[in-house]
Amino acid sequence: MLSRSVASAVSPVSSSSLLPNSKPIFCLKTLSGYRSSSFCGGSFRKINHKPLRMTSSNMTPRAMATQQLENADQLIDSVETFIFDCDGQIWKGDKLIEGVPETLDMLRAKGKRLVFVTNNSTKSRKQYGKKFETLGLNVNEEEIFASSFAAAAYLQSINFPKDKKVYVIGEEGILKELELAGFQYLGGPDDGKRQIELKPGFLMEHEHDVGAVVVGFDRYFNYYKIQYGTLCIRENPGCLFIATNRDAVTHLTDAQEWAGGGSMVGALVGSTQREPLVVGKPSTFMMDYLADKFGIQKSQICMVGDRLDTDILFGQNGGCKTLLVLSGVTSISMLESPENKIQPDFYTSKISDFLSPKAATV
């Protein structure tokens, strides 16, 4: 039986997007006292989710004066774990950013736990492990958390019925993680080949046992997928609308920014008039999951990323220290803009600034 409590980011969830008799809520983390299970390291284990009282302060980005990172050693010594986003500070496209291997080796030598969290759902954790290996980085699968994995872990955490199916608007990463979690699915890249022949009286059929639609970044996105996902969400009672992320842009190559997974999610938001449950950053679902898995106190974590509205907000929502690096999406002018309300604890030019006791001037 599906829970009426759901995990999302900072987006409002309308009553129509929840299960029958549910009330509208604003979701920042899993809300309920029920006992659920979570997929972890190839097996499922039980986690108790604590209720979160929702107030306006829960949903307001922390506003404070940010500081340029000047004493890297002081920050390193103040935490036990560093969580790194991948696109924009570890690599851009398939190109490794200079100084990353030395920085990660230094942090490991100091006994720091390293975790890599990405909103990119096109690969599974195993596939990301191979990418790290190809780039010459020694990172094991247990240290990698992609939003594709988060989608499967979330469904398991709410005891999503195994007799229900998941329709996937996304790529192979989501399919592989759903399969590992034991869920039935349809859609994915194969539906990118499907076309709709519109003619008088044409009615598009869909499977009525689809209980969730998961939307992630999809290079095979088309009108067939939009219509199929829309029909499932609007016509199947209790069907969940889950987004791996709502990133506006992504780094497919190191030459420019490309439209991100948020563009695919936005199409379904427009057609269904419903908001999704977001399992990737800045939702606290992954942060809660990581803290439980590794037994980490969130105050002992530093979140490092290049996006204010996902990486930094993810860290702030989780109660962690935050470091913005300017090697990806965010520029110094964007950070200092009066319109920006999300301020990290620190900022620096790139993560290799950790190698200098006194970080480089931006």
# chains A, B, ... in the order shown; residues from 1 in each chain; ligands from 1
>>> residues_around(residues="Ala212 of chain A", least_positions_apart="4", cutoff="8 Å", atoms="only C-alpha atoms", output="list in words")
Lys165, Val166, Tyr167, Cys232, Ile233, Cys239, Leu240, Phe241 and Ile242 of chain A
>>> write_last_selection(atoms="N, CA, C and O atoms", output="CSV table (one decimal), in the first residue's frame")
chain,number,residue,atom,x,y,z
A,165,LYS,N,3.4,-1.1,-12.1
A,165,LYS,CA,4.5,-0.8,-13.0
A,165,LYS,C,4.9,0.7,-12.9
A,165,LYS,O,4.1,1.5,-12.5
A,166,VAL,N,6.1,0.9,-13.4
A,166,VAL,CA,6.6,2.3,-13.5
A,166,VAL,C,6.9,2.7,-14.9
A,166,VAL,O,7.5,1.9,-15.6
A,167,TYR,N,6.3,3.8,-15.3
A,167,TYR,CA,6.5,4.3,-16.7
A,167,TYR,C,7.7,5.2,-16.6
A,167,TYR,O,7.7,6.2,-15.8
A,232,CYS,N,-1.2,8.3,-17.9
A,232,CYS,CA,-1.0,7.6,-16.6
A,232,CYS,C,-1.2,8.4,-15.4
A,232,CYS,O,-1.9,8.0,-14.5
A,233,ILE,N,-0.6,9.6,-15.4
A,233,ILE,CA,-0.7,10.5,-14.2
A,233,ILE,C,-2.1,11.0,-14.0
A,233,ILE,O,-2.7,11.0,-12.9
A,239,CYS,N,-1.7,7.5,-9.2
A,239,CYS,CA,-0.4,7.4,-9.9
A,239,CYS,C,0.6,8.5,-9.5
A,239,CYS,O,0.2,9.7,-9.5
A,240,LEU,N,1.8,8.1,-9.1
A,240,LEU,CA,2.8,9.1,-8.6
A,240,LEU,C,3.5,9.8,-9.8
A,240,LEU,O,3.7,9.1,-10.8
A,241,PHE,N,3.8,11.0,-9.6
A,241,PHE,CA,4.6,11.8,-10.6
A,241,PHE,C,5.9,12.1,-10.0
A,241,PHE,O,6.0,12.9,-9.1
A,242,ILE,N,7.0,11.4,-10.3
A,242,ILE,CA,8.3,11.5,-9.7
A,242,ILE,C,9.3,12.1,-10.7
A,242,ILE,O,9.4,11.6,-11.8
>>> closest_atom_pairs(of="segment 215-311 of chain A", to="segment 187-190 of chain A", cutoff="8 Å", atoms="only C-alpha atoms", output="Markdown table")
| residue | atom | partner | partner_atom | distance |
| --- | --- | --- | --- | --- |
| A:Asp218 | CA | A:Pro189 | CA | 7.9 |
| A:Tyr220 | CA | A:Pro189 | CA | 5.9 |
| A:Lys225 | CA | A:Gly187 | CA | 7.8 |
>>> write_last_selection(atoms="C-alpha atoms", output="JSON list (two decimals), in the first residue's frame")
[["chain", "number", "residue", "atom", "x", "y", "z"],
["A", 218, "ASP", "CA", 16.00, 12.00, -21.74],
["A", 220, "TYR", "CA", 15.03, 10.39, -26.70],
["A", 225, "LYS", "CA", 6.25, 9.92, -24.07]]
>>> residues_around(residues="segment 138-148 of chain A", least_positions_apart="2", cutoff="7 Å", atoms="only C-alpha atoms", output="MDAnalysis selection string")
chainID A and resid 41 114:121 124:126 129 132:133 136 150:152 173:174 177 244 279:280
>>> select_by_dssp(residues="segment 216-356 of chain A", states="strand (DSSP E)", output="JSON, numbers by chain")
{"A": [240, 241, 242, 243, 249, 250, 258, 259, 277, 278, 301, 302, 303, 304, 305, 321, 322, 323, 324, 325, 346, 347, 348]}
>>> select_by_dssp(residues="segment 22-267 of chain A", states="alpha helix (DSSP H)", output="VMD selection string")
chain A and resid 72 to 78 100 to 109 125 to 134 147 to 157 172 to 180 223 to 235 261 to 267
>>> write_last_selection(atoms="C-alpha atoms", output="mmCIF file, in the first residue's frame")
data_model
loop_
_atom_site.group_PDB
_atom_site.id
_atom_site.type_symbol
_atom_site.label_atom_id
_atom_site.label_comp_id
_atom_site.auth_asym_id
_atom_site.auth_seq_id
_atom_site.Cartn_x
_atom_site.Cartn_y
_atom_site.Cartn_z
ATOM 1 C CA ALA A 72 41.103 25.265 3.346
ATOM 2 C CA ASP A 73 42.662 23.219 6.153
ATOM 3 C CA GLN A 74 40.297 24.719 8.700
ATOM 4 C CA LEU A 75 37.248 23.632 6.683
ATOM 5 C CA ILE A 76 38.726 20.191 6.014
ATOM 6 C CA ASP A 77 39.420 19.633 9.708
ATOM 7 C CA SER A 78 35.912 20.742 10.716
ATOM 8 C CA VAL A 100 40.702 16.630 -9.043
ATOM 9 C CA PRO A 101 42.681 13.359 -8.567
ATOM 10 C CA GLU A 102 45.245 15.030 -6.301
ATOM 11 C CA THR A 103 42.500 16.711 -4.259
ATOM 12 C CA LEU A 104 40.548 13.506 -3.688
ATOM 13 C CA ASP A 105 43.735 11.609 -2.776
ATOM 14 C CA MET A 106 44.660 14.296 -0.248
ATOM 15 C CA LEU A 107 41.226 14.215 1.406
ATOM 16 C CA ARG A 108 41.296 10.416 1.648
ATOM 17 C CA ALA A 109 44.797 10.593 3.154
ATOM 18 C CA ARG A 125 25.621 3.675 -9.971
ATOM 19 C CA LYS A 126 27.506 0.830 -11.636
ATOM 20 C CA GLN A 127 27.777 2.802 -14.887
ATOM 21 C CA TYR A 128 29.017 5.874 -13.011
ATOM 22 C CA GLY A 129 31.617 3.658 -11.348
ATOM 23 C CA LYS A 130 32.933 2.809 -14.793
ATOM 24 C CA LYS A 131 33.044 6.503 -15.744
ATOM 25 C CA PHE A 132 35.106 7.333 -12.664
ATOM 26 C CA GLU A 133 37.432 4.443 -13.542
ATOM 27 C CA THR A 134 37.760 5.632 -17.157
ATOM 28 C CA SER A 147 19.208 10.402 -8.947
ATOM 29 C CA SER A 148 18.408 7.238 -10.936
ATOM 30 C CA PHE A 149 19.214 5.263 -7.787
ATOM 31 C CA ALA A 150 17.258 7.753 -5.656
ATOM 32 C CA ALA A 151 14.101 7.125 -7.718
ATOM 33 C CA ALA A 152 14.287 3.372 -7.075
ATOM 34 C CA ALA A 153 15.215 3.838 -3.411
ATOM 35 C CA TYR A 154 12.302 6.230 -2.919
ATOM 36 C CA LEU A 155 9.787 3.782 -4.391
ATOM 37 C CA GLN A 156 11.114 1.072 -2.091
ATOM 38 C CA SER A 157 10.946 3.413 0.911
ATOM 39 C CA GLU A 172 19.103 3.434 -19.141
ATOM 40 C CA GLY A 173 20.264 4.473 -15.666
ATOM 41 C CA ILE A 174 16.711 4.606 -14.307
ATOM 42 C CA LEU A 175 15.793 1.281 -15.931
ATOM 43 C CA LYS A 176 18.808 -0.497 -14.429
ATOM 44 C CA GLU A 177 18.174 0.832 -10.918
ATOM 45 C CA LEU A 178 14.467 -0.094 -11.064
ATOM 46 C CA GLU A 179 15.416 -3.580 -12.213
ATOM 47 C CA LEU A 180 17.907 -3.990 -9.356
ATOM 48 C CA TYR A 223 5.484 13.571 -27.955
ATOM 49 C CA TYR A 224 4.573 9.902 -27.484
ATOM 50 C CA LYS A 225 6.246 9.916 -24.068
ATOM 51 C CA ILE A 226 4.567 13.151 -23.050
ATOM 52 C CA GLN A 227 1.129 11.793 -23.930
ATOM 53 C CA TYR A 228 1.690 8.366 -22.375
ATOM 54 C CA GLY A 229 3.009 9.818 -19.121
ATOM 55 C CA THR A 230 0.193 12.361 -19.051
ATOM 56 C CA LEU A 231 -2.457 9.665 -19.449
ATOM 57 C CA CYS A 232 -0.976 7.584 -16.636
ATOM 58 C CA ILE A 233 -0.723 10.509 -14.225
ATOM 59 C CA ARG A 234 -4.140 11.943 -14.983
ATOM 60 C CA GLU A 235 -6.178 8.765 -15.423
ATOM 61 C CA GLY A 261 16.154 17.281 -17.042
ATOM 62 C CA GLY A 262 13.952 20.120 -15.846
ATOM 63 C CA SER A 263 12.864 20.707 -19.432
ATOM 64 C CA MET A 264 11.417 17.174 -19.655
ATOM 65 C CA VAL A 265 9.779 17.476 -16.246
ATOM 66 C CA GLY A 266 8.346 20.857 -17.234
ATOM 67 C CA ALA A 267 6.532 19.343 -20.206
#
>>> residues_around(residues="Ala259 of chain A", least_positions_apart="3", cutoff="10 Å", atoms="only C-alpha atoms", output="list in words")
Phe217, Asp247, Ala248, Val249, Thr250, His251, Leu252, Gly262, Ser263 and Met264 of chain A
>>> write_last_selection(atoms="all heavy atoms", output="PDB file, in the first residue's frame")
ATOM      1  N   PHE A 217      16.340  13.065 -17.161  1.00  0.00           N
ATOM      2  CA  PHE A 217      16.912  13.587 -18.396  1.00  0.00           C
ATOM      3  C   PHE A 217      16.768  12.538 -19.495  1.00  0.00           C
ATOM      4  O   PHE A 217      17.036  11.352 -19.276  1.00  0.00           O
ATOM      5  CB  PHE A 217      18.383  13.947 -18.196  1.00  0.00           C
ATOM      6  CG  PHE A 217      19.028  14.509 -19.429  1.00  0.00           C
ATOM      7  CD1 PHE A 217      18.774  15.813 -19.819  1.00  0.00           C
ATOM      8  CD2 PHE A 217      19.860  13.723 -20.215  1.00  0.00           C
ATOM      9  CE1 PHE A 217      19.361  16.332 -20.973  1.00  0.00           C
ATOM     10  CE2 PHE A 217      20.443  14.232 -21.361  1.00  0.00           C
ATOM     11  CZ  PHE A 217      20.182  15.542 -21.739  1.00  0.00           C
ATOM     12  N   ASP A 247      16.766  20.218 -12.887  1.00  0.00           N
ATOM     13  CA  ASP A 247      17.886  21.061 -13.328  1.00  0.00           C
ATOM     14  C   ASP A 247      17.566  21.717 -14.666  1.00  0.00           C
ATOM     15  O   ASP A 247      17.174  21.048 -15.626  1.00  0.00           O
ATOM     16  CB  ASP A 247      19.157  20.233 -13.477  1.00  0.00           C
ATOM     17  CG  ASP A 247      19.686  19.722 -12.142  1.00  0.00           C
ATOM     18  OD1 ASP A 247      19.096  20.060 -11.107  1.00  0.00           O
ATOM     19  OD2 ASP A 247      20.684  18.989 -12.156  1.00  0.00           O
ATOM     20  N   ALA A 248      17.767  23.007 -14.743  1.00  0.00           N
ATOM     21  CA  ALA A 248      17.486  23.741 -15.980  1.00  0.00           C
ATOM     22  C   ALA A 248      18.485  23.391 -17.074  1.00  0.00           C
ATOM     23  O   ALA A 248      18.114  23.265 -18.241  1.00  0.00           O
ATOM     24  CB  ALA A 248      17.501  25.247 -15.710  1.00  0.00           C
ATOM     25  N   VAL A 249      19.757  23.257 -16.693  1.00  0.00           N
ATOM     26  CA  VAL A 249      20.798  22.967 -17.685  1.00  0.00           C
ATOM     27  C   VAL A 249      21.696  21.856 -17.172  1.00  0.00           C
ATOM     28  O   VAL A 249      21.709  21.530 -15.985  1.00  0.00           O
ATOM     29  CB  VAL A 249      21.650  24.213 -18.015  1.00  0.00           C
ATOM     30  CG1 VAL A 249      20.799  25.288 -18.654  1.00  0.00           C
ATOM     31  CG2 VAL A 249      22.351  24.747 -16.756  1.00  0.00           C
ATOM     32  N   THR A 250      22.470  21.249 -18.088  1.00  0.00           N
ATOM     33  CA  THR A 250      23.426  20.215 -17.724  1.00  0.00           C
ATOM     34  C   THR A 250      24.659  20.349 -18.608  1.00  0.00           C
ATOM     35  O   THR A 250      24.666  21.123 -19.571  1.00  0.00           O
ATOM     36  CB  THR A 250      22.785  18.819 -17.877  1.00  0.00           C
ATOM     37  OG1 THR A 250      23.667  17.838 -17.334  1.00  0.00           O
ATOM     38  CG2 THR A 250      22.517  18.488 -19.348  1.00  0.00           C
ATOM     39  N   HIS A 251      25.709  19.594 -18.276  1.00  0.00           N
ATOM     40  CA  HIS A 251      26.960  19.630 -19.044  1.00  0.00           C
ATOM     41  C   HIS A 251      27.107  18.333 -19.839  1.00  0.00           C
ATOM     42  O   HIS A 251      27.693  17.367 -19.365  1.00  0.00           O
ATOM     43  CB  HIS A 251      28.164  19.804 -18.113  1.00  0.00           C
ATOM     44  CG  HIS A 251      28.238  21.143 -17.463  1.00  0.00           C
ATOM     45  ND1 HIS A 251      28.041  21.328 -16.108  1.00  0.00           N
ATOM     46  CD2 HIS A 251      28.460  22.376 -17.965  1.00  0.00           C
ATOM     47  CE1 HIS A 251      28.155  22.602 -15.821  1.00  0.00           C
ATOM     48  NE2 HIS A 251      28.410  23.270 -16.928  1.00  0.00           N
ATOM     49  N   LEU A 252      26.573  18.309 -21.036  1.00  0.00           N
ATOM     50  CA  LEU A 252      26.766  17.149 -21.902  1.00  0.00           C
ATOM     51  C   LEU A 252      28.146  17.177 -22.550  1.00  0.00           C
ATOM     52  O   LEU A 252      28.727  16.141 -22.845  1.00  0.00           O
ATOM     53  CB  LEU A 252      25.685  17.108 -22.984  1.00  0.00           C
ATOM     54  CG  LEU A 252      24.243  16.944 -22.486  1.00  0.00           C
ATOM     55  CD1 LEU A 252      23.282  16.929 -23.672  1.00  0.00           C
ATOM     56  CD2 LEU A 252      24.090  15.680 -21.666  1.00  0.00           C
ATOM     57  N   GLY A 262      15.099  19.285 -16.189  1.00  0.00           N
ATOM     58  CA  GLY A 262      13.952  20.120 -15.846  1.00  0.00           C
ATOM     59  C   GLY A 262      13.080  20.439 -17.035  1.00  0.00           C
ATOM     60  O   GLY A 262      11.875  20.699 -16.887  1.00  0.00           O
ATOM     61  N   SER A 263      13.659  20.416 -18.235  1.00  0.00           N
ATOM     62  CA  SER A 263      12.864  20.707 -19.432  1.00  0.00           C
ATOM     63  C   SER A 263      11.899  19.569 -19.731  1.00  0.00           C
ATOM     64  O   SER A 263      10.766  19.796 -20.179  1.00  0.00           O
ATOM     65  CB  SER A 263      13.774  20.966 -20.635  1.00  0.00           C
ATOM     66  OG  SER A 263      14.610  19.856 -20.893  1.00  0.00           O
ATOM     67  N   MET A 264      12.306  18.322 -19.476  1.00  0.00           N
ATOM     68  CA  MET A 264      11.417  17.174 -19.655  1.00  0.00           C
ATOM     69  C   MET A 264      10.336  17.164 -18.581  1.00  0.00           C
ATOM     70  O   MET A 264       9.152  16.944 -18.858  1.00  0.00           O
ATOM     71  CB  MET A 264      12.189  15.849 -19.613  1.00  0.00           C
ATOM     72  CG  MET A 264      13.130  15.626 -20.786  1.00  0.00           C
ATOM     73  SD  MET A 264      14.712  16.498 -20.582  1.00  0.00           S
ATOM     74  CE  MET A 264      15.439  16.339 -22.208  1.00  0.00           C
TER      75      MET A 264
END
>>> closest_residue(among="A:Leu69, A:Cys302, A:Val278, A:Ile83", to="Cys320 of chain A", atoms="only C-alpha atoms")
A:Cys302
>>> closest_residue(among="A:Ser331, A:Asn222, A:Thr122, A:Gln195", to="Asn245 of chain A", atoms="only C-alpha atoms")
A:Thr122
>>> atom_distance(atom1="atom CA of Asp353 of chain A", atom2="atom CA of Gly295 of chain A")
28.1 Å
